[in-house]
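Participant: Below: one structure in structure tokens.
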Amino acid sequence: MDRTASRRPASRLAVRALALAALPVLLVTGCSSSSDSSDDATQDNEPQSVAPTPEPVRFEGLPEPCETISQDTVGEVVPQADPETGETLSSSDTSTSAACLWSGLDDFQFRSLTVALRRFDSDLSLGSGDERATEYLQQMVDEITGDDANRDVESAELAETGDAATSVAYSVTKTGDGEDDEQDYRQQRVVSRVGNVVLTLDYSGAGFEGDDMPSADSVREAAETAAREAAAAVDASAEAAGGEAEEDAPAEDAPADE
């Protein structure tokens, strides 16, 4: 018997068995590859999560505080103001806080006016700029109404002064260098919110050397008149800033003539 001939069938069977044995491995590998491709396609089709961003604010800067009150108004509410243009108070960051002071002595009648601006950005953990400004407005009101040193305190909402405003009238006695050196002042604070900016206006009047102290009505009217003007100036500064941004933007290329 030809031993070579008898080995051929066995050899073919062995090769076939090896091929069949390897087939499941190839199928598993193929399925695995197909599954991975499917997962990748699914991930590509899934919408990507977008990180939250703070709410946009109306004001990204502040106007010059000394320019919020006209010189005509300053002449009426702070006679003999020196300087007439006001004194800019120091600030560590004028983009978020700024203030201006006018003071004058007309004979023995003293008057002073301060306009302070505070701007708030939106913050995901603290709230929108408007919300933070609203909270700060209340803090500025509480600073006066919650101080036991202030007398005859009266507060009321003030219309037509920004988005919201509160006017607070009060009197206070301030002590000078001497033990008997005391002076009574009639004061008014108006706090107004214009978008994400808070305007705090403090107006003070006194009569020195025994002169009469100004009436509560005159102090209130002067402060509220100045506050309305300042709030309108802050409001207008946003429109002015928007106009400047449009002017600074590069103009689109004009279409070429055909």
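Chain identifiers are assigned as A, B, and so on, following the order in which chains appear in the structure tokens; residues are numbered from 1 within each chain, and ligands are numbered from 1 in order of appearance.
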For range 190-192 of chain A, please output as JSON, numbers by chain all residues within 9 Å (counting only C-alpha atoms; exclusion window: fewer than 4 positions along the same chain).
Facilitator: {"A": [137, 138, 140, 141, 158, 161, 162, 163, 164, 165, 166, 167, 168, 169, 197, 198, 199, 200, 201, 202, 203, 223, 224, 227, 228, 231]}
Participant: Can you tell me, as an MDAnalysis selection string, what residues are no more than 6 Å from range 127-130 of chain A when counting only C-alpha atoms, ignoring any on the same chain fewer than 5 positions away?
Facilitator: chainID A and resid 55 120:122 195:196
Participant: Next, the residues of the selection above should be written as a tab-separated table (two decimals), in the first residue's frame with N, CA and C atoms.
Facilitator:
chain	number	residue	atom	x	y	z
A	55	GLU	N	-24.73	85.42	31.44
A	55	GLU	CA	-25.69	86.23	30.69
A	55	GLU	C	-25.03	87.54	30.24
A	120	PHE	N	-21.60	95.73	37.55
A	120	PHE	CA	-21.53	94.31	37.88
A	120	PHE	C	-21.58	93.47	36.61
A	121	ASP	N	-20.67	92.51	36.52
A	121	ASP	CA	-20.69	91.53	35.44
A	121	ASP	C	-21.53	90.33	35.86
A	122	SER	N	-22.00	89.58	34.87
A	122	SER	CA	-22.71	88.34	35.17
A	122	SER	C	-21.72	87.28	35.62
A	195	GLY	N	-29.69	99.02	34.28
A	195	GLY	CA	-29.11	97.77	33.80
A	195	GLY	C	-28.25	97.14	34.87
A	196	ASN	N	-27.00	96.87	34.55
A	196	ASN	CA	-26.08	96.25	35.50
A	196	ASN	C	-25.19	97.27	36.21
Participant: Write out as a list in words which residues come within 7 Å of range 98-114 of chain A when counting only C-alpha atoms, dropping same-chain ones fewer than 3 positions away.
Facilitator: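 My list of contacting residues is Pro65, Cys66, Val78, Pro79, Gln80, Ala81, Asp82, Gly86, Glu87, Thr88, Leu89, Ser91, Thr94, Leu117, Arg118, Leu201, Asp202, Tyr203, Ser204, Gly205, Ala206, Gly207, Phe208, Glu209 and Asp211 of chain A.
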Participant: I need the residues from that last selection saved to file as a compact mmCIF listing (two decimals), in the first residue's frame (with N, CA and C atoms), if you can.
Facilitator:
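Everything below was put into part27.txt:
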# COMPACT_ATOMS: atom_id res chain seq x y z
N PRO A 65 -17.79 109.74 35.72
CA PRO A 65 -18.81 110.16 36.70
C PRO A 65 -18.98 111.68 36.76
N CYS A 66 -17.89 112.43 36.54
CA CYS A 66 -18.00 113.90 36.62
C CYS A 66 -18.75 114.49 35.43
N VAL A 78 -25.16 122.92 43.95
CA VAL A 78 -23.93 123.14 44.73
C VAL A 78 -23.36 124.51 44.37
N PRO A 79 -23.97 125.58 44.89
CA PRO A 79 -23.45 126.92 44.58
C PRO A 79 -21.98 127.07 45.01
N GLN A 80 -21.22 127.77 44.18
CA GLN A 80 -19.80 128.00 44.45
C GLN A 80 -18.99 126.70 44.52
N ALA A 81 -19.40 125.73 43.72
CA ALA A 81 -18.65 124.47 43.70
C ALA A 81 -17.23 124.72 43.22
N ASP A 82 -16.28 124.09 43.90
CA ASP A 82 -14.88 124.28 43.57
C ASP A 82 -14.16 122.93 43.58
N GLY A 86 -16.02 119.22 39.17
CA GLY A 86 -16.00 118.10 40.09
C GLY A 86 -14.62 117.50 40.28
N GLU A 87 -14.48 116.73 41.32
CA GLU A 87 -13.21 116.08 41.66
C GLU A 87 -13.38 114.57 41.53
N THR A 88 -12.62 113.97 40.64
CA THR A 88 -12.69 112.52 40.46
C THR A 88 -12.04 111.82 41.65
N LEU A 89 -12.77 110.92 42.26
CA LEU A 89 -12.25 110.18 43.41
C LEU A 89 -11.49 108.95 42.92
N SER A 91 -9.99 105.25 42.33
CA SER A 91 -10.60 103.93 42.18
C SER A 91 -9.53 102.96 41.71
N THR A 94 -11.40 101.58 37.35
CA THR A 94 -12.43 102.51 36.88
C THR A 94 -13.42 101.86 35.93
N LEU A 117 -20.57 105.33 40.84
CA LEU A 117 -21.06 104.32 39.91
C LEU A 117 -20.40 102.98 40.22
N ARG A 118 -21.19 101.93 40.16
CA ARG A 118 -20.67 100.58 40.40
C ARG A 118 -21.27 99.64 39.36
N LEU A 201 -26.18 108.39 44.60
CA LEU A 201 -26.00 109.84 44.71
C LEU A 201 -26.25 110.27 46.14
N ASP A 202 -25.26 110.92 46.73
CA ASP A 202 -25.39 111.46 48.09
C ASP A 202 -25.32 112.97 48.04
N TYR A 203 -26.35 113.61 48.63
CA TYR A 203 -26.42 115.08 48.65
C TYR A 203 -26.53 115.52 50.10
N SER A 204 -25.75 116.55 50.43
CA SER A 204 -25.69 117.00 51.82
C SER A 204 -25.74 118.52 51.88
N GLY A 205 -26.45 119.05 52.90
CA GLY A 205 -26.53 120.49 53.09
C GLY A 205 -26.47 120.86 54.56
N ALA A 206 -25.84 122.00 54.85
CA ALA A 206 -25.73 122.46 56.24
C ALA A 206 -25.56 123.97 56.26
N GLY A 207 -25.94 124.57 57.40
CA GLY A 207 -25.73 126.00 57.62
C GLY A 207 -24.67 126.18 58.69
N PHE A 208 -23.50 126.72 58.31
CA PHE A 208 -22.40 126.91 59.26
C PHE A 208 -22.57 128.21 60.03
N GLU A 209 -21.83 128.28 61.15
CA GLU A 209 -21.80 129.47 62.00
C GLU A 209 -23.20 129.91 62.41
N ASP A 211 -25.97 129.48 60.83
CA ASP A 211 -26.91 129.74 59.73
C ASP A 211 -27.93 128.61 59.66
Participant: Let me make sure I understand: among A:Val172, A:Thr225, A:Asp177, A:Met213, which one has the smallest atom-to-atom distance to Ala159 in chain A if we use only C-alpha atoms?
Facilitator: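 Closest candidate: A:Thr225.
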Participant: Please return as a PyMOL selection string: the residues of range 39-200 of chain A that backbone DSSP assigns to helix (DSSP H, G or I).
Facilitator: chain A and resi 39-45+65-67+71-77+129-145
Participant: With C-alpha atoms kept, could you save the residues just selected as a short mmCIF file (atom, residue, chain, number, x, y, z; two decimals), in the first residue's frame?
Facilitator:
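File produced: again16.cif:
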data_model
loop_
_atom_site.label_atom_id
_atom_site.label_comp_id
_atom_site.auth_asym_id
_atom_site.auth_seq_id
_atom_site.Cartn_x
_atom_site.Cartn_y
_atom_site.Cartn_z
CA ASP A 39 -19.96 52.95 18.66
CA ASP A 40 -17.75 55.57 17.02
CA ALA A 41 -20.52 56.56 14.65
CA THR A 42 -22.97 56.84 17.54
CA GLN A 43 -20.58 59.06 19.49
CA ASP A 44 -20.06 61.27 16.45
CA ASN A 45 -23.82 61.71 16.07
CA PRO A 65 -18.81 110.16 36.70
CA CYS A 66 -18.00 113.90 36.62
CA GLU A 67 -19.74 114.12 33.24
CA GLN A 71 -22.48 122.37 35.05
CA ASP A 72 -25.83 124.18 35.04
CA THR A 73 -27.27 121.63 37.45
CA VAL A 74 -24.14 121.71 39.58
CA GLY A 75 -24.47 125.50 39.78
CA GLU A 76 -28.02 125.13 41.08
CA VAL A 77 -27.52 122.36 43.65
CA GLY A 129 -25.25 91.52 36.25
CA ASP A 130 -28.74 92.97 36.68
CA GLU A 131 -29.50 90.66 39.62
CA ARG A 132 -26.24 91.53 41.35
CA ALA A 133 -26.89 95.24 40.77
CA THR A 134 -30.37 94.91 42.30
CA GLU A 135 -28.87 93.33 45.42
CA TYR A 136 -26.26 96.09 45.67
CA LEU A 137 -28.95 98.78 45.34
CA GLN A 138 -30.68 97.37 48.41
CA GLN A 139 -27.37 97.25 50.30
CA MET A 140 -26.83 100.97 49.64
CA VAL A 141 -30.32 101.74 50.92
CA ASP A 142 -29.87 99.54 54.00
CA GLU A 143 -26.58 101.30 54.74
CA ILE A 144 -28.58 104.44 55.56
CA THR A 145 -31.82 103.02 56.95
#
Participant: Provide the CA of Ala238 in chain A to CA of Ser125 in chain A distance in Å, to one decimal place.
Facilitator: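 So the two atoms, CA of Ala238 in chain A and CA of Ser125 in chain A, lie 25.5 Å apart.
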Participant: Could you check how far CA of Thr96 in chain A sits from CA of Phe59 in chain A, in Å to one decimal?
Facilitator: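 The value is 9.9 Å.
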Participant: Taking the backbone alone, and naming residues the way the document does, which bits of range 128-173 of chain A are strand (DSSP E or B) by DSSP, as an MDAnalysis selection string?
Facilitator: chainID A and resid 151:157 164:173
